[in-house]
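Content type mmCIF, C-alpha atoms and all ligand atoms, from the file upload21.cif:
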```cif
data_query
#
loop_
_atom_site.label_atom_id
_atom_site.label_comp_id
_atom_site.auth_asym_id
_atom_site.auth_seq_id
_atom_site.Cartn_x
_atom_site.Cartn_y
_atom_site.Cartn_z
CA MET G 1 24.12 -3.33 -13.55
CA THR G 2 21.77 -4.73 -16.15
CA ALA G 3 18.37 -3.94 -14.61
CA LYS G 4 16.34 -0.87 -15.52
CA ILE G 5 15.28 1.09 -12.46
CA ILE G 6 11.54 1.49 -12.01
CA ASP G 7 11.23 5.08 -10.84
CA GLY G 8 8.49 5.10 -8.20
CA LYS G 9 9.01 8.79 -7.50
CA ARG G 10 8.33 9.79 -11.09
CA ILE G 11 5.39 7.43 -11.56
CA SER G 12 3.84 8.45 -8.23
CA ALA G 13 4.10 12.11 -9.27
CA GLU G 14 2.10 11.24 -12.40
CA VAL G 15 -0.57 9.44 -10.34
CA LYS G 16 -0.80 12.41 -7.96
CA ALA G 17 -1.05 14.83 -10.89
CA ARG G 18 -3.99 12.80 -12.25
CA ALA G 19 -5.62 12.82 -8.79
CA ALA G 20 -5.09 16.61 -8.55
CA GLU G 21 -6.80 17.07 -11.95
CA GLU G 22 -9.79 15.08 -10.72
CA VAL G 23 -9.94 17.03 -7.46
CA LYS G 24 -10.00 20.25 -9.49
CA LYS G 25 -12.90 18.99 -11.59
CA LEU G 26 -14.83 17.90 -8.47
CA ASN G 27 -14.17 21.28 -6.83
CA GLU G 28 -15.57 23.00 -9.94
CA MET G 29 -18.73 20.95 -9.41
CA GLY G 30 -18.88 22.20 -5.80
CA ILE G 31 -17.55 18.94 -4.35
CA SER G 32 -14.60 19.09 -1.95
CA VAL G 33 -12.39 16.07 -1.26
CA GLY G 34 -11.36 15.34 2.34
CA LEU G 35 -9.21 12.74 4.06
CA ALA G 36 -9.07 12.16 7.83
CA VAL G 37 -5.79 10.74 9.06
CA VAL G 38 -5.90 9.29 12.56
CA ILE G 39 -2.70 8.58 14.46
CA VAL G 40 -2.60 7.13 17.97
CA GLY G 41 0.56 7.34 20.06
CA ASN G 42 4.11 8.35 19.25
CA ASN G 43 5.47 5.72 16.83
CA PRO G 44 8.17 7.67 14.92
CA ALA G 45 7.70 5.67 11.68
CA SER G 46 3.94 6.28 11.80
CA ARG G 47 4.60 10.00 12.32
CA ILE G 48 6.72 10.10 9.14
CA TYR G 49 4.06 8.23 7.11
CA VAL G 50 1.30 10.54 8.36
CA ASN G 51 3.33 13.66 7.53
CA ASN G 52 4.01 12.32 4.03
CA LYS G 53 0.32 11.60 3.53
CA LYS G 54 -0.59 15.13 4.61
CA LYS G 55 1.96 16.58 2.20
CA ALA G 56 0.55 14.50 -0.65
CA CYS G 57 -2.95 15.77 0.18
CA GLU G 58 -1.69 19.34 -0.15
CA THR G 59 -0.14 18.53 -3.54
CA CYS G 60 -3.44 17.09 -4.78
CA GLY G 61 -5.78 19.74 -3.35
CA ILE G 62 -7.30 17.23 -0.90
CA ILE G 63 -8.31 18.70 2.46
CA SER G 64 -6.62 16.67 5.19
CA GLU G 65 -7.69 16.59 8.81
CA GLU G 66 -5.28 15.09 11.29
CA TYR G 67 -6.48 13.50 14.52
CA ALA G 68 -3.48 12.85 16.77
CA LEU G 69 -4.55 10.92 19.86
CA PRO G 70 -2.42 10.07 22.91
CA GLU G 71 -0.84 6.61 23.40
CA GLU G 72 -3.29 5.78 26.22
CA THR G 73 -6.42 6.32 24.05
CA THR G 74 -9.00 3.60 24.71
CA GLU G 75 -10.66 1.45 22.06
CA ASP G 76 -14.03 3.06 22.83
CA GLU G 77 -12.59 6.55 22.36
CA LEU G 78 -11.13 5.61 18.99
CA LEU G 79 -14.36 3.88 17.92
CA GLU G 80 -16.26 7.02 18.84
CA LEU G 81 -13.96 9.12 16.64
CA VAL G 82 -14.32 6.67 13.73
CA HIS G 83 -18.11 6.79 14.04
CA SER G 84 -18.11 10.58 14.03
CA LEU G 85 -15.86 10.61 10.92
CA ASN G 86 -18.16 8.08 9.22
CA ASN G 87 -20.94 10.65 9.64
CA LYS G 88 -18.92 13.74 8.74
CA LYS G 89 -19.92 14.86 5.27
CA GLU G 90 -16.71 16.75 4.47
CA ILE G 91 -14.64 13.63 5.10
CA ASN G 92 -14.57 11.17 2.20
CA GLY G 93 -11.75 8.91 3.33
CA ILE G 94 -10.68 7.67 6.76
CA LEU G 95 -7.20 6.35 7.36
CA VAL G 96 -6.26 4.97 10.75
CA GLN G 97 -2.48 4.63 10.81
CA LEU G 98 -1.38 1.17 11.94
CA PRO G 99 0.00 -0.24 14.18
CA LEU G 100 -2.24 0.82 17.07
CA PRO G 101 -1.30 0.63 20.76
CA LYS G 102 -1.83 -2.78 22.43
CA GLN G 103 -5.06 -1.90 24.24
CA ILE G 104 -6.84 -1.31 20.90
CA ASP G 105 -8.05 -4.17 18.71
CA GLU G 106 -7.10 -3.19 15.13
CA LYS G 107 -9.70 -5.55 13.66
CA LYS G 108 -12.52 -3.82 15.55
CA ILE G 109 -11.37 -0.41 14.36
CA ILE G 110 -11.07 -1.47 10.72
CA ALA G 111 -14.52 -3.10 10.92
CA ALA G 112 -15.97 0.18 12.26
CA ILE G 113 -14.82 2.29 9.29
CA SER G 114 -17.56 2.80 6.72
CA PRO G 115 -16.59 0.62 3.70
CA LYS G 116 -17.30 3.61 1.45
CA LYS G 117 -14.69 5.68 3.35
CA ASP G 118 -12.21 2.81 3.76
CA VAL G 119 -9.50 4.24 1.48
CA ASP G 120 -6.98 1.65 2.72
CA ALA G 121 -9.35 -1.12 1.53
CA PHE G 122 -8.78 -3.14 4.70
CA HIS G 123 -12.47 -3.59 5.64
CA ALA G 124 -13.73 -7.17 5.15
CA ILE G 125 -16.35 -5.93 2.66
CA ASN G 126 -13.69 -4.31 0.49
CA VAL G 127 -11.38 -7.33 0.85
CA GLY G 128 -14.26 -9.55 -0.28
CA ASN G 129 -15.01 -7.25 -3.21
CA ILE G 130 -11.37 -7.45 -4.30
CA MET G 131 -11.54 -11.24 -4.07
CA ILE G 132 -14.52 -11.37 -6.46
CA GLY G 133 -12.97 -8.72 -8.71
CA ASP G 134 -15.71 -6.11 -8.23
CA PHE G 135 -14.25 -3.28 -6.18
CA ASP G 136 -14.22 0.48 -5.61
CA PHE G 137 -10.84 0.64 -3.86
CA LEU G 138 -7.70 -1.39 -4.11
CA PRO G 139 -5.30 -1.56 -1.15
CA CYS G 140 -2.71 1.16 -1.61
CA THR G 141 0.57 -0.80 -1.63
CA PRO G 142 -0.45 -3.70 -3.92
CA SER G 143 -2.21 -1.30 -6.27
CA GLY G 144 0.93 0.86 -6.39
CA CYS G 145 2.99 -2.25 -7.17
CA MET G 146 0.66 -3.07 -10.07
CA GLU G 147 1.19 0.42 -11.53
CA LEU G 148 4.95 -0.08 -11.25
CA ILE G 149 4.79 -3.45 -13.01
CA GLN G 150 2.56 -2.00 -15.72
CA SER G 151 5.00 0.89 -16.21
CA THR G 152 7.63 -1.58 -17.47
CA GLY G 153 5.42 -2.61 -20.39
CA VAL G 154 5.83 -6.26 -19.34
CA SER G 155 2.48 -8.01 -19.61
CA ILE G 156 1.38 -10.01 -16.56
CA GLU G 157 -0.86 -12.37 -18.51
CA GLY G 158 0.44 -15.94 -18.52
CA LYS G 159 3.57 -14.97 -16.58
CA ARG G 160 4.87 -16.80 -13.53
CA CYS G 161 4.44 -14.45 -10.58
CA VAL G 162 5.86 -15.11 -7.12
CA VAL G 163 4.82 -13.08 -4.09
CA VAL G 164 6.97 -13.55 -0.98
CA GLY G 165 4.83 -12.64 2.06
CA ARG G 166 1.16 -13.29 2.78
CA SER G 167 0.04 -10.42 5.00
CA ASN G 168 -3.51 -9.14 4.67
CA ILE G 169 -2.31 -5.69 3.68
CA VAL G 170 0.35 -6.59 1.10
CA GLY G 171 1.05 -10.22 0.16
CA LYS G 172 -2.46 -11.65 -0.15
CA PRO G 173 -4.07 -8.75 -2.05
CA MET G 174 -0.96 -8.47 -4.24
CA ALA G 175 -1.36 -12.11 -5.27
CA MET G 176 -5.04 -11.52 -6.00
CA LEU G 177 -4.35 -8.48 -8.22
CA LEU G 178 -1.75 -10.44 -10.21
CA LEU G 179 -4.28 -13.26 -10.57
CA HIS G 180 -6.92 -10.79 -11.84
CA LYS G 181 -4.42 -9.85 -14.56
CA ASN G 182 -4.06 -13.52 -15.50
CA GLY G 183 -0.68 -14.16 -13.91
CA THR G 184 0.09 -17.66 -12.64
CA VAL G 185 0.69 -16.87 -9.00
CA THR G 186 2.62 -18.59 -6.21
CA ILE G 187 2.56 -17.20 -2.67
CA CYS G 188 5.53 -17.90 -0.37
CA HIS G 189 5.75 -17.41 3.40
CA SER G 190 7.87 -18.28 6.40
CA LYS G 191 7.10 -22.02 6.11
CA THR G 192 7.88 -22.23 2.39
CA LYS G 193 10.56 -24.75 1.51
CA GLU G 194 13.03 -24.07 -1.31
CA LEU G 195 12.25 -20.38 -1.47
CA GLY G 196 15.18 -19.68 -3.79
CA GLU G 197 14.09 -22.31 -6.28
CA ILE G 198 10.54 -20.93 -6.38
CA CYS G 199 11.73 -17.32 -6.70
CA ARG G 200 13.97 -18.32 -9.63
CA THR G 201 10.87 -19.37 -11.60
CA ALA G 202 9.37 -15.87 -11.33
CA ASP G 203 9.01 -13.58 -14.33
CA ILE G 204 7.53 -11.13 -11.83
CA LEU G 205 8.78 -11.28 -8.24
CA VAL G 206 7.26 -9.25 -5.41
CA ALA G 207 9.04 -9.25 -2.04
CA ALA G 208 6.94 -8.18 0.97
CA VAL G 209 8.61 -9.79 3.94
CA GLY G 210 10.26 -7.23 6.22
CA ARG G 211 13.72 -8.85 6.20
CA PRO G 212 16.57 -6.71 4.89
CA LYS G 213 18.22 -7.99 1.68
CA MET G 214 16.84 -11.54 1.99
CA ILE G 215 16.19 -11.89 -1.77
CA THR G 216 19.60 -12.11 -3.39
CA GLY G 217 20.67 -12.08 -7.04
CA ASP G 218 21.00 -15.88 -7.19
CA MET G 219 17.25 -16.16 -6.38
CA ILE G 220 16.24 -14.12 -9.42
CA LYS G 221 15.47 -15.25 -12.95
CA PRO G 222 17.47 -13.29 -15.51
CA GLY G 223 15.33 -10.46 -16.90
CA ALA G 224 12.64 -10.69 -14.20
CA VAL G 225 10.61 -7.72 -12.94
CA VAL G 226 11.48 -7.33 -9.25
CA ILE G 227 9.26 -5.27 -6.95
CA ASP G 228 10.66 -4.64 -3.49
CA VAL G 229 7.98 -3.68 -0.97
CA GLY G 230 10.26 -4.05 2.06
CA MET G 231 11.01 -0.98 4.17
CA ASN G 232 13.53 -1.95 6.77
CA ARG G 233 15.38 0.51 8.96
CA LEU G 234 19.04 -0.50 9.33
CA PRO G 235 21.02 0.23 12.53
CA ASN G 236 22.74 3.11 10.66
CA GLY G 237 19.31 4.70 10.14
CA LYS G 238 19.18 4.00 6.39
CA LEU G 239 16.16 2.43 4.70
CA CYS G 240 16.70 -0.89 2.98
CA GLY G 241 14.44 -3.25 1.04
CA ASP G 242 13.85 -7.00 1.24
CA VAL G 243 15.87 -7.38 -1.96
CA ASP G 244 19.64 -7.17 -2.04
CA PHE G 245 19.69 -4.43 -4.67
CA ASP G 246 23.39 -4.75 -5.60
CA SER G 247 23.26 -8.44 -6.54
CA ALA G 248 19.63 -8.44 -7.77
CA SER G 249 20.15 -5.55 -10.16
CA GLN G 250 22.88 -7.59 -11.94
CA VAL G 251 20.28 -10.22 -12.91
CA ALA G 252 16.82 -8.61 -13.02
CA GLY G 253 15.39 -6.87 -16.08
CA TYR G 254 13.58 -4.24 -14.01
CA ILE G 255 13.87 -3.43 -10.32
CA THR G 256 12.43 -0.95 -7.83
CA PRO G 257 14.84 0.91 -5.54
CA VAL G 258 14.30 1.44 -1.81
CA PRO G 259 13.64 4.24 -1.10
CA GLY G 260 12.00 5.70 -4.21
CA GLY G 261 10.10 2.63 -5.42
CA VAL G 262 6.96 1.24 -3.82
CA GLY G 263 6.79 3.71 -0.89
CA PRO G 264 5.79 6.81 -2.89
CA MET G 265 3.30 4.73 -4.90
CA THR G 266 1.46 3.68 -1.74
CA ILE G 267 0.78 7.30 -0.89
CA ALA G 268 -0.15 8.23 -4.47
CA THR G 269 -2.71 5.40 -4.55
CA LEU G 270 -4.15 6.66 -1.27
CA MET G 271 -4.78 10.01 -3.00
CA GLN G 272 -6.43 8.22 -5.92
CA ASN G 273 -8.63 6.20 -3.53
CA THR G 274 -9.70 9.35 -1.68
CA VAL G 275 -10.81 10.91 -4.97
CA THR G 276 -12.72 7.70 -5.80
CA ALA G 277 -14.38 7.84 -2.36
CA ALA G 278 -15.49 11.44 -2.95
CA LYS G 279 -16.99 10.43 -6.30
CA ILE G 280 -18.85 7.43 -4.83
CA GLN G 281 -20.27 9.58 -2.05
CA ASN G 282 -21.32 12.51 -4.21
CA MET G 283 -22.22 11.26 -7.68
P1 LIG D 1 4.13 -8.82 7.79
O1 LIG D 1 5.13 -8.95 8.87
O2 LIG D 1 2.70 -8.64 8.13
O3 LIG D 1 4.26 -10.09 6.83
C1 LIG D 1 5.48 -10.60 6.44
C2 LIG D 1 5.30 -11.83 5.62
O4 LIG D 1 6.60 -12.34 5.27
C3 LIG D 1 4.57 -12.96 6.33
O5 LIG D 1 3.60 -13.53 5.48
C4 LIG D 1 5.67 -13.97 6.68
O6 LIG D 1 5.26 -15.32 6.64
C5 LIG D 1 6.64 -13.74 5.54
N1 LIG D 1 7.98 -14.16 5.92
C6 LIG D 1 8.66 -13.88 7.06
N2 LIG D 1 9.87 -14.46 7.04
C7 LIG D 1 9.96 -15.13 5.89
C8 LIG D 1 10.96 -15.94 5.30
N3 LIG D 1 12.11 -16.19 5.91
N4 LIG D 1 10.71 -16.48 4.09
C9 LIG D 1 9.55 -16.25 3.44
N5 LIG D 1 8.57 -15.47 3.95
C10 LIG D 1 8.76 -14.93 5.16
O7 LIG D 1 4.66 -7.62 6.89
P2 LIG D 1 3.89 -6.66 5.83
O8 LIG D 1 3.31 -7.45 4.74
O9 LIG D 1 3.05 -5.69 6.55
O10 LIG D 1 5.15 -5.84 5.28
C11 LIG D 1 6.22 -6.46 4.60
C12 LIG D 1 7.31 -5.43 4.33
O11 LIG D 1 6.78 -4.41 3.51
C13 LIG D 1 7.82 -4.71 5.58
O12 LIG D 1 9.20 -4.41 5.38
C14 LIG D 1 7.03 -3.43 5.61
O13 LIG D 1 7.72 -2.38 6.27
C15 LIG D 1 6.93 -3.15 4.14
N6 LIG D 1 5.78 -2.32 3.77
C16 LIG D 1 6.04 -1.32 2.90
C17 LIG D 1 5.02 -0.51 2.45
C18 LIG D 1 5.35 0.54 1.47
O14 LIG D 1 4.55 1.43 1.26
N7 LIG D 1 6.49 0.46 0.80
C19 LIG D 1 3.64 -0.66 2.93
C20 LIG D 1 3.46 -1.83 3.78
C21 LIG D 1 4.51 -2.61 4.19
P3 LIG D 1 4.18 -15.95 7.70
O15 LIG D 1 2.86 -15.48 7.22
O16 LIG D 1 4.39 -17.40 7.56
O17 LIG D 1 4.56 -15.39 9.04
#
```

Written form, structure tokens:
Amino acid sequence: MTAKIIDGKRISAEVKARAAEEVKKLNEMGISVGLAVVIVGNNPASRIYVNNKKKACETCGIISEEYALPEETTEDELLELVHSLNNKKEINGILVQLPLPKQIDEKKIIAAISPKKDVDAFHAINVGNIMIGDFDFLPCTPSGCMELIQSTGVSIEGKRCVVVGRSNIVGKPMAMLLLHKNGTVTICHSKTKELGEICRTADILVAAVGRPKMITGDMIKPGAVVIDVGMNRLPNGKLCGDVDFDSASQVAGYITPVPGGVGPMTIATLMQNTVTAAKIQNM
């Protein structure tokens, strides 16, 4: 293996330690920091994410309130909860775990969250603010990826960056953050032709697709920084990324593992965003 491993666990611990320091300072000023985590239904993956988020809150001294609603919850019931959390002073951040059951329109729920408490940065106002480069929160996963890239010491400015995937929560904001740092960015998606050729031009390659091991070593430029956002559950129960780690790590300069790469950074950034929310609301 030639690639250096980007240790998301270690870097996320540093981000959480910084968040914990800030929480302590806010507490000393009489300001508490609170996150509401809302989960609807019994999706096992969502349950794991929510538990991890609660654990991270404990580590950082953030008060977490969990609202676990049954699968058959109506849209109106969830909207009512969101409205009450918008008005609850002790709650600085609201996270509604996605996906939601079919009878609930995710867009309506996201639109109902107060932009100042939208620690996922999914609300159209926050998305727009990110677009114009004037924001309070960055979406957790792309922001975590940026920290991982920055940890390598490789400068983004002037580099060719390729993002595979164009979802609203990962691919699109990721591309925008790379652009803000003066990368030359290409976004690929399911209709992209010659994906391998485009990926091979990337000094920085971010894979956010949801297809196990689809980015193979022959698609990677020697020495590239490779960030694997994918979290795919294999039939044997193991987690696996969108990048074929074994072949990619022979070619890349730096690579994130799955698990232990982007996943922990997403949660650490959520902690950071909750602290930012508390500051905006109190100072
Ligand atoms: P989405 O399903 O919303 O988006 C996937 C994107 O990949 C789409 O833009 C799609 O293109 C594109 N795509 C699909 N097939 C191909 C293909 N053959 N070639 C090129 N592009 C393709 O997924 P998310 O963005 O929500 O998540 C992506 C992955 O990241 C998943 O594995 C998810 O579990 C993981 N994830 C991990 C997180 C973490 O904390 N580590 C957080 C969030 C997500 P098109 O738009 O044309 O359909």

### Message
List as a ChimeraX atom specification the protein and nucleic acid residues lying within 7 Å of ligand LIG 1 (chain D), with only C-alpha atoms and all ligand atoms counted.
### Response
/G:141,164-167,169-171,188-192,195,208-211,229-232,241-242,262-264,266

### Query
Given the choices G:Arg233, G:Gly223, G:Glu75, G:Ile125, which gets closest to G:Ala45 if the distance is worked out from all atoms listed in the file?
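Going through G:Arg233, G:Gly223, G:Glu75, G:Ile125 one by one, the smallest distance to G:Ala45 is for G:Arg233.
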
### Query
Pick the closest to G:Ser247 from G:Val225, G:Met219, G:Cys161, G:Leu78: which is it, counting all atoms listed in the file?
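Residue with the minimum atom-to-atom distance to G:Ser247: G:Met219.
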
### Query
Which of these, G:Pro44, G:Gly260, G:Gly153, G:Gly128, has the shortest distance to G:Arg10 once you count only C-alpha atoms?
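Of G:Pro44, G:Gly260, G:Gly153, G:Gly128, the one nearest G:Arg10, counting only C-alpha atoms, is G:Gly260.
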
#### Entry: Which of G:Glu157, G:Asp120, G:Asp76, G:Glu58 sits closest to G:Pro139 [using all atoms listed in the file]
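Looking only at the distances to G:Pro139, the closest residue turns out to be G:Asp120.
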
### Message
Let me make sure I understand: among G:Glu22, G:Glu194, G:Asp136, G:Glu72, which one has the smallest atom-to-atom distance to G:Pro115 if we use only C-alpha atoms?
### Response
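That would be G:Asp136, the residue with the smallest distance to G:Pro115.
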
### Residue nearest G:Leu148 among G:Leu69, G:Val38, G:Val226, G:Ile280 (counting all atoms listed in the file)
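Looking at the shortest contact to G:Leu148, the residue is G:Val226.
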
#### Entry: Coordinates-based distance that separates atom CA of G:Asn42 from atom CA of G:Glu66 (Å, one decimal)
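According to the coordinates, atom CA of G:Glu66 and atom CA of G:Asn42 are separated by 14.0 Å.
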
### Task
Find the distance between atom CA of G:Leu177 and atom CA of G:Met146 and write it in Å to one decimal.
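Rounded to one decimal, the two atoms are 7.6 Å apart.
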
### Message
Would you pick out the contacts of G:Ile255 at 9 Å or less, using only C-alpha atoms, so that residues sharing its chain but fewer than 3 positions from it are not included, and give the list as a ChimeraX atom specification?
### Response
/G:3-7,224-228,245,248-249,252,261

### Task
Provide the atom CA of G:Glu21 to atom CA of G:Cys60 distance in Å, to one decimal place.
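For atom CA of G:Glu21 relative to atom CA of G:Cys60, the distance reads 7.9 Å.
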